[in-house]
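A.B. asks: The following block contains the structure, expressed as structure tokens.
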Amino acid sequence: MKVKHKDVGVQLTKAEWEAEDTHVFTEENLGDLADVNVPSPTDGYALVWNAALGVWIASAPAPAAHKTSHQDGGADEISVAGLSGELADLQPPKQHQFDHQDGGADAISSALYPAAYPMLYGTLAARPAAGIKGRFYWTVDTGILYVDAITAWVKVAVSDYPDLDEIPSSFAPSAHKTSHQDGGTDEISLGGLAGDPADTINKSLLTAQGQIIIRNATAPAALAPGTSGQFLKTLGAAADPAWDAVDYPRKLKPNLTRWVLPGWAVAALGDQVPGAGVIYYVPIFVSELTTYDYIGVNVAGAGIPGSAAEMRVYNWNGGVPGTQVLNAGSVTTATTGERSIAITLSLARGYYFLALRAGGNADLFCPYLTPPPIVCPVQGIDTAGPFQQGFFPILKVTDTMTDPARAPTGVTDCSFIFCCLRESS
């Protein structure tokens, strides 16, 4: 860059330059510094090209990245010892555990911090005397850990079971029965045990009185109780046993289809008009398992139109009718002749009651009483007199028929036996 005096010219001697008080820059050879926009620069600023404005401007100089020069080992290393304030980043503490140990500059005396004490170890004979609370000592020869309790060393852990204090002579095992059960990890076989087990299959299967255990097609099972008088009957190798009524192997009755009054012996018939609305209970005795297919009456004299006779069978309940076995229904008594109802009734050996309730002045056939050719299967039902007990065995009550039976309120003679059963062949 050349400097030109405004009056003299470009070439000036030093004396001429210093003698003049006015100098200007010329544009000759000025190059890129032709556009300088620095009306009032600040000390220490530098010219920086501003491309947006197309001129040079003054700006505070920005140092280049040089942090490594100030870091550890750098050319201009900075020591934090010469800086005030706290560091922005947390610093790990220096090793100083000895300051907090017994005798250190910052010894911890609280028993809450036993970790401040070193773990001592050595032989039992070399263990120091107790007196510093919280210290631990491991005996390398016996494998026992002690803690210093000031007045004595206290055992807190052992490596061998026999070194434990107060070892019990026996232990109660924790609950582990499933390990001995079927499929358990320590399953017990009854084949290896002597005696009889206290809990057997009986206890798990039998829940009610009268049950018994049978083996069905797949497993043991409980068989419900049968009814009174039944027996357990085998049905062969491929079937379960079952309760059944007693059926005597020697049949007493002939293989006939006949009308009977079971248990009675009747030689002659008469006729009688039953009381209106009266239920007559006739005791019968079935000598063996018998199947009946009809129940009926014989109308000797027609009753009024619409008259009927209702017939049922009841169980024996200590000399009086009990629960209902069969409700056969009703037959008309408005015309004469045999009146019967088809039934399917099997009665096991035992006592029962035939019951009839009629009305409408119908005249029904019955056993003939003169002379008395009648033998009752149940003696002593009538307790009213000492000599007529076998002659008045029919119980009665004026009421409607129900289940269980209405309780009888009186007795009458055998001429009020009206209905009977037919045995099937």
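Identifiers in this document derive from the order of the structure tokens: chains are assigned A, B, ..., residues are numbered from 1 separately in each chain, and ligands are numbered from 1 in order of occurrence.
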Near range 137-151 of chain A, counting only C-alpha atoms, which residues have an atom at most 9 Å away, once you skip same-chain residues fewer than 2 positions from it, shown as a PyMOL selection string?
C.D. replies: chain A and resi 118-135+153-160+163
A.B. asks: Can you list, as a VMD selection string, every residue of range 197-416 of chain A that DSSP puts in strand (DSSP E)?
C.D. replies: chain A and resid 212 to 215 220 to 223 231 to 233 242 to 244 258 to 260 265 to 266 269 to 272 278 to 286 290 to 301 308 to 317 320 to 332 337 to 347 350 to 358 363 to 367 374 to 375 394 to 398 410 to 412
A.B. asks: Kindly indicate which residue among A:Leu364, A:Val55, A:Leu421, A:Ala242 lies nearest to Asp271 in chain A, using only C-alpha atoms for the distances.
C.D. replies: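 Of all the options, A:Leu364 lies closest to Asp271 in chain A.
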A.B. asks: Of the candidates A:Ala217, A:Met311, A:Leu193, A:Val273, which one gets nearest to Ala238 in chain A if we count only C-alpha atoms?
C.D. replies: A:Ala217
A.B. asks: Please report the interatomic distance between CA of Ile341 in chain A and CA of Gly329 in chain A in Å with one decimal.
C.D. replies: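 Computing it gives 7.7 Å between the two atoms.
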A.B. asks: Which residues in range 54-193 of chain A does DSSP call helix (DSSP H, G or I)? List them as a ChimeraX atom specification.
C.D. replies: /A:67-69,80-82,97-100,114-116,161-163,177-180,190-192
A.B. asks: For Glu310 in chain A, please output as a PDB file with N, CA and C atoms, in the first residue's frame all residues within 7 Å (counting only C-alpha atoms; exclusion window: fewer than 5 positions along the same chain).
C.D. replies:
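Output below, filename result33.pdb:
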ATOM      1  N   GLY A 329    -105.647 -95.054  40.924  1.00  0.00           N
ATOM      2  CA  GLY A 329    -106.704 -94.253  40.326  1.00  0.00           C
ATOM      3  C   GLY A 329    -108.085 -94.745  40.753  1.00  0.00           C
ATOM      4  N   SER A 330    -109.123 -94.486  39.951  1.00  0.00           N
ATOM      5  CA  SER A 330    -110.507 -94.796  40.320  1.00  0.00           C
ATOM      6  C   SER A 330    -111.194 -95.613  39.221  1.00  0.00           C
ATOM      7  N   VAL A 331    -112.187 -96.404  39.659  1.00  0.00           N
ATOM      8  CA  VAL A 331    -113.061 -97.124  38.724  1.00  0.00           C
ATOM      9  C   VAL A 331    -114.505 -96.738  39.031  1.00  0.00           C
ATOM     10  N   LEU A 356    -109.087 -98.664  49.891  1.00  0.00           N
ATOM     11  CA  LEU A 356    -110.211 -98.349  48.995  1.00  0.00           C
ATOM     12  C   LEU A 356    -111.064 -97.287  49.655  1.00  0.00           C
ATOM     13  N   ARG A 357    -111.517 -96.330  48.830  1.00  0.00           N
ATOM     14  CA  ARG A 357    -112.464 -95.295  49.287  1.00  0.00           C
ATOM     15  C   ARG A 357    -113.550 -95.191  48.222  1.00  0.00           C
ATOM     16  N   ALA A 358    -114.823 -95.400  48.658  1.00  0.00           N
ATOM     17  CA  ALA A 358    -115.939 -95.405  47.700  1.00  0.00           C
ATOM     18  C   ALA A 358    -117.098 -94.590  48.249  1.00  0.00           C
TER      19      ALA A 358
END
A.B. asks: Can you tell me, as a ChimeraX atom specification, what residues are no more than 9 Å from range 92-98 of chain A when counting only C-alpha atoms, ignoring any on the same chain fewer than 6 positions away?
C.D. replies: /A:104-107,116
A.B. asks: Take the residues just selected and output them with N, CA and C atoms as a CSV table (one decimal), in the first residue's frame.
C.D. replies:
chain,number,residue,atom,x,y,z
A,104,GLY,N,-7.9,-42.8,63.7
A,104,GLY,CA,-7.6,-41.9,62.6
A,104,GLY,C,-8.0,-40.4,62.9
A,105,ALA,N,-7.7,-39.5,62.0
A,105,ALA,CA,-7.9,-38.1,62.2
A,105,ALA,C,-9.4,-37.8,62.3
A,106,ASP,N,-10.2,-38.6,61.7
A,106,ASP,CA,-11.7,-38.4,61.7
A,106,ASP,C,-12.4,-39.7,62.1
A,107,ALA,N,-11.9,-40.3,63.2
A,107,ALA,CA,-12.4,-41.6,63.6
A,107,ALA,C,-13.9,-41.6,63.9
A,116,ALA,N,-16.9,-49.1,59.3
A,116,ALA,CA,-15.8,-48.2,59.5
A,116,ALA,C,-14.6,-49.0,60.1
A.B. asks: Give me the residues near Ala300 in chain A as a list in words, where near means some atom within 6 Å (using only C-alpha atoms) and where sequence neighbours in that chain fewer than 6 positions away do not count.
C.D. replies: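 Surrounding residues, per the criterion: Thr336, Asp363, Leu364 and Phe365 of chain A.
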A.B. asks: If I take CA of Asn255 in chain A and CA of Thr227 in chain A, how far is one from the other in Å, to one decimal?
C.D. replies: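 So the two atoms, CA of Asn255 in chain A and CA of Thr227 in chain A, lie 27.2 Å apart.
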A.B. asks: Near range 408-420 of chain A, counting only C-alpha atoms, which residues have an atom at most 6 Å away, once you skip same-chain residues fewer than 4 positions from it, shown as a ChimeraX atom specification?
C.D. replies: /A:260-261,295-297,366-367,391-392,394-397
A.B. asks: Pick out the closest residue to Gly322 in chain A from this set: A:Gly263, A:Gly191, A:Gly359, A:Pro283. Count only C-alpha atoms.
C.D. replies: A:Pro283
